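Colleague: Can you keep this structure in mind? I'll have questions shortly.
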Amino acid sequence: MLIRRITDDLVYLGGIDRRLERFENLFALPRGVSYNSYLLLDEQTVLLNTVDSSVAAGFVDDVARVLDGRELDYLVVNHVEPDHIGAINEALARFPHCELVISRKGLEILHQFFRRHDYADTRVQTVGDGDVLPTGRHRLQFLTAPNVHWPEVTVCFDPTDGVLFSADAFGSFGAPEGHIFADQVDYTPRWLSETRRYYANVIGKFGPQMTRLLGKIDAMDVRMICPLHGLIFRTPETVAYVIERHRRWAAYRPEQPGVVLVYGTMYNHSALLADELAMRLAEAGVEHLRVHDLAKTDWSHIVADCFRFSNAVFVCTTYNTELHPKMDAFLRELMATGWDNRGVTVIGNVSWGGHGARIASEILAKGKNLTTVGEPFAIKSSLDDGQDAELRALASAIAASLPPADPPLNVLRTR
């Protein structure tokens with residue numbers, strides 16, 4: 001375990017897993033992931049969450065070492081997902097007088113995961129919105145944050161030091177490399193993409209719930225954010241930066257004008273079309289372009305780019321008269337995140353019959369504010385030279401549809 005004092009009264013205890021290949025067995029982790037826990041050393045002591053079982057070896061021993069002979073008075077569980085409760089039963093066994101502090105729904109789900117533990121001998125305090133846990137100099141105020149990203153989630157705010165224990169909100173993929181604070185790293189170039197990817201894929205569906213949580217946070221003097229994954233934000237610049245990024249993502253607003261081109265292909269002809277259109281878009285003045293092959297790129301990266309940019313082009317190959325299976329599955333996954341407020345272009349590719357592009361358009365029709373951009377465009381097997389003018393016109397229409405850039409959010413370069 002990694003141990004570091006954050007404030008005079010607060011200690012970080014974290015575990016890092018660089019061996020795990022996929023978060024939730026879904027999302028690629030090329031840079032690993034961290035599991036963050038926090039120990040408050042006040043007149044009464046509070047452990048806020050534990051860690052995943054994969055990194056739990058020695059966790060409770062380290063908690064005891066930091067306590068240095070003191071008892072653990074409270075164990076707060078903000079989120080009952082297994083990657084945060086992997087050491088909970090060991091902690092309760094080690095500190096039998098500890099009181100478990102958890103939401104009512106959280107306690108219900110905890111029983112579901114640990115059916116052999118009835119917690120009959122555990123002191124339990126259930127908390128809801130507005131409840132307060134006084135610990136001496138500090139007071140933990142509980143805020144419910146349902147579906148950010150499970151229904152039982154709470155966050156805690158300590159007004160004494162302005163610390164928000166934010167559960168999964170403001171989390172990130174990626175394992176810290178020595179530095180655990182966002183102000184110690186080049187955050188925008190190094191960490192923002194992993195924070196965006198985490199938000200879009202894990203919490204993205206729950207934008208309205210995240211927006212409500214942000215409304216609660218706006219009324220507080222938040223000076224530090226301690227999430228359960230990723231880095232800690234402890235300066236005014238980093239706190240404001242990560243809150244405003246999440247405000248934009250939660251509203252499904254693009255960060256910047258740009259185009260993501262996504263294709264599924266069997267024999268590379270749809271890939272050639274995507275690359276040709278990308279070239280024409282560049283000629284038309286589009287600055288930010290990304291091209292993704294659904295068979296090569298982990299979809300979590302593509303979803304994150306769709307959240308980042310204002311426009312998306314989907315080159316939809318027909319497969320056995322239906323939509324290419326990977327494109328069909330990807331579009332359904334993308335729409336399940338709540339993705340909206342974008343310009344969308346669907347291009348069809350058919351050789352001998354079928355309606356892949358139509359199926360794609362039907363899936364995308366679930367978006368309330370997706371705008372179709374450009375005249376219908378399709379190819380038969382491969383791009384015909386005679387379609388060059390039509391393709392250029394499509395590129396011009398897409399380029400013209402790009403919204404003006406919002407006032408840019410600051411770039412965090414802290415080293």
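Convention: chains lettered A, B, ... in structure tokens order; per-chain residue numbering from 1; ligands numbered from 1 as shown.
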Just the strand (DSSP E or B) stuff from range 124-302 of chain A, please, per backbone DSSP, written as an NGL selection string.
Modeller: :A and (124-127 or 132-134 or 139-144 or 154-158 or 163-165 or 174 or 181 or 224-226 or 232-233 or 256-263 or 289-293)
Colleague: So which residues of range 54-297 of chain A fall under helix (DSSP H, G or I) by DSSP, listed as a PyMOL selection string?
Modeller: chain A and resi 54-55+59-67+82-84+88-94+104-113+182-184+187-190+192-218+236-250+269-283
Colleague: Could I get the residues of range 332-379 of chain A with an atom no further than 8 Å from an atom of range 316-328 of chain A, each paired with its nearest atom pair and that distance in Å to one decimal, using only C-alpha atoms, sorted by chain and residue number, as JSON lines?
Modeller:
{"residue": "A:Arg332", "atom": "CA", "partner": "A:Asp328", "partner_atom": "CA", "distance": 6.4}
{"residue": "A:Val346", "atom": "CA", "partner": "A:Cys316", "partner_atom": "CA", "distance": 6.9}
{"residue": "A:Ile347", "atom": "CA", "partner": "A:Cys316", "partner_atom": "CA", "distance": 5.8}
{"residue": "A:Gly348", "atom": "CA", "partner": "A:Cys316", "partner_atom": "CA", "distance": 4.9}
{"residue": "A:Asn349", "atom": "CA", "partner": "A:Thr317", "partner_atom": "CA", "distance": 4.7}
{"residue": "A:Val350", "atom": "CA", "partner": "A:Thr318", "partner_atom": "CA", "distance": 5.3}
{"residue": "A:Ser351", "atom": "CA", "partner": "A:Thr318", "partner_atom": "CA", "distance": 7.8}
{"residue": "A:Gly353", "atom": "CA", "partner": "A:Thr321", "partner_atom": "CA", "distance": 5.9}
{"residue": "A:Gly354", "atom": "CA", "partner": "A:Thr321", "partner_atom": "CA", "distance": 3.6}
{"residue": "A:His355", "atom": "CA", "partner": "A:Glu322", "partner_atom": "CA", "distance": 5.8}
{"residue": "A:Gly356", "atom": "CA", "partner": "A:Leu323", "partner_atom": "CA", "distance": 3.7}
{"residue": "A:Ala357", "atom": "CA", "partner": "A:Cys316", "partner_atom": "CA", "distance": 5.5}
{"residue": "A:Ile359", "atom": "CA", "partner": "A:Leu323", "partner_atom": "CA", "distance": 6.3}
{"residue": "A:Ala360", "atom": "CA", "partner": "A:Asp328", "partner_atom": "CA", "distance": 6.8}
Colleague: Please measure the separation of CA of Glu90 in chain A and CA of Gly230 in chain A, giving the value in Å to one decimal.
Modeller: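 One can read the CA of Glu90 in chain A to CA of Gly230 in chain A distance as 24.2 Å.
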Colleague: With only C-alpha atoms as the counted atoms, please give the residues lying no more than 8 Å from Glu152 in chain A, apart from itself and same-chain residues fewer than 2 positions off, as a list in words.
Modeller: Asn78, His79, Val80, Ser103, Arg104, Lys105, Gly106, Thr144, Ala145, Pro146, Asn147, Trp150 and Thr154 of chain A
Colleague: Those same residues - N, CA and C atoms - I'd like them written as a JSON list (two decimals), in the first residue's frame.
Modeller:
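The result, written out as result.json:
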[["chain", "number", "residue", "atom", "x", "y", "z"],
["A", 78, "ASN", "N", -18.79, 5.04, 1.05],
["A", 78, "ASN", "CA", -19.52, 5.94, 0.15],
["A", 78, "ASN", "C", -20.08, 5.20, -1.06],
["A", 79, "HIS", "N", -19.44, 4.09, -1.41],
["A", 79, "HIS", "CA", -19.80, 3.39, -2.65],
["A", 79, "HIS", "C", -19.53, 1.91, -2.45],
["A", 80, "VAL", "N", -20.53, 1.06, -2.74],
["A", 80, "VAL", "CA", -20.45, -0.35, -2.40],
["A", 80, "VAL", "C", -20.02, -1.21, -3.59],
["A", 103, "SER", "N", -25.06, 4.36, 3.47],
["A", 103, "SER", "CA", -26.45, 4.67, 3.12],
["A", 103, "SER", "C", -27.31, 3.42, 3.27],
["A", 104, "ARG", "N", -28.61, 3.62, 3.40],
["A", 104, "ARG", "CA", -29.51, 2.48, 3.58],
["A", 104, "ARG", "C", -29.45, 1.56, 2.36],
["A", 105, "LYS", "N", -29.45, 2.15, 1.17],
["A", 105, "LYS", "CA", -29.35, 1.34, -0.05],
["A", 105, "LYS", "C", -28.00, 0.67, -0.12],
["A", 106, "GLY", "N", -26.96, 1.34, 0.33],
["A", 106, "GLY", "CA", -25.63, 0.75, 0.34],
["A", 106, "GLY", "C", -25.56, -0.48, 1.22],
["A", 144, "THR", "N", -26.22, 12.77, -0.73],
["A", 144, "THR", "CA", -26.53, 11.65, -1.61],
["A", 144, "THR", "C", -26.18, 12.03, -3.04],
["A", 145, "ALA", "N", -25.64, 11.06, -3.76],
["A", 145, "ALA", "CA", -25.27, 11.26, -5.16],
["A", 145, "ALA", "C", -25.72, 10.05, -5.97],
["A", 146, "PRO", "N", -27.04, 9.78, -5.98],
["A", 146, "PRO", "CA", -27.52, 8.56, -6.64],
["A", 146, "PRO", "C", -27.14, 8.50, -8.10],
["A", 147, "ASN", "N", -26.67, 7.32, -8.49],
["A", 147, "ASN", "CA", -26.26, 7.03, -9.87],
["A", 147, "ASN", "C", -25.06, 7.81, -10.34],
["A", 150, "TRP", "N", -23.62, 4.45, -9.01],
["A", 150, "TRP", "CA", -24.61, 3.48, -8.54],
["A", 150, "TRP", "C", -25.63, 4.21, -7.66],
["A", 154, "THR", "N", -22.97, 7.98, -1.80],
["A", 154, "THR", "CA", -22.92, 9.25, -1.08],
["A", 154, "THR", "C", -21.53, 9.85, -1.26]]
Colleague: Would you kindly return, as a PyMOL selection string, each protein, DNA or RNA residue with an atom no farther than 6 Å from any atom of Leu289 in chain A, considering only C-alpha atoms and excluding same-chain residues fewer than 2 positions away?
Modeller: chain A and resi 258-260
Colleague: For Tyr187 in chain A, work out the shell of residues within 12 Å, counting only C-alpha atoms and skipping chain neighbours fewer than 3 positions away, then give it as a PyMOL selection string.
Modeller: chain A and resi 172+174+176+179-184+190-196+230-233+237-239+241-242+410-415
Colleague: Rank A:Pro30, A:Phe309, A:Leu261, A:Val153 by their smallest atom-to-atom distance to Leu294 in chain A, using only C-alpha atoms, and report the top residue only.
Modeller: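 The shortest atom-to-atom distance to Leu294 in chain A comes from A:Leu261.
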Colleague: Please determine, counting only C-alpha atoms, which residue among A:Glu283, A:Glu276, A:Asp406, A:Phe314 has the shortest atom-to-atom distance to Leu391 in chain A.
Modeller: A:Glu276
Colleague: Using only C-alpha atoms, can you tell me which of A:Gly58, A:Gly136, A:Gly15, A:Val127 comes closest to Glu43 in chain A?
Modeller: A:Gly136
Colleague: Pick out the residues sitting within 7 Å of range 295-305 of chain A, and hand them over as a PyMOL selection string; count only C-alpha atoms, and ignore anything fewer than 3 positions along from it in its own chain.
Modeller: chain A and resi 27-28+196-197+200-201+260+264+292+308-309+334
Colleague: Report, in Å with one decimal, the straight-line distance from CA of Glu71 in chain A to CA of Ala167 in chain A.
Modeller: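 Going from CA of Glu71 in chain A over to CA of Ala167 in chain A covers 24.1 Å.
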Colleague: Between CA of Phe165 in chain A and CA of Met1 in chain A, what distance in Å does the model show, to one decimal?
Modeller: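 Computing the Euclidean distance for CA of Phe165 in chain A and CA of Met1 in chain A yields 19.5 Å.
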Colleague: Could you produce a table of the residues of range 147-221 of chain A lying within 10 Å of range 20-24 of chain A, with the nearest pair of atoms per residue and their separation in Å rounded to one decimal, using only C-alpha atoms, ordered by chain and increasing residue number, as CSV?
Modeller:
residue,atom,partner,partner_atom,distance
A:Phe173,CA,A:Phe23,CA,8.5
A:Tyr198,CA,A:Phe23,CA,9.6
A:Val202,CA,A:Glu24,CA,9.3
Colleague: Set the distance at 8 Å and use only C-alpha atoms: which residues neighbour His149 in chain A once local chain neighbours fewer than 6 positions away are removed? I'd like the list as a list in words.
Modeller: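 So the residues in contact are Asp168, Ala169, Val202, Ile203 and Phe206 of chain A.
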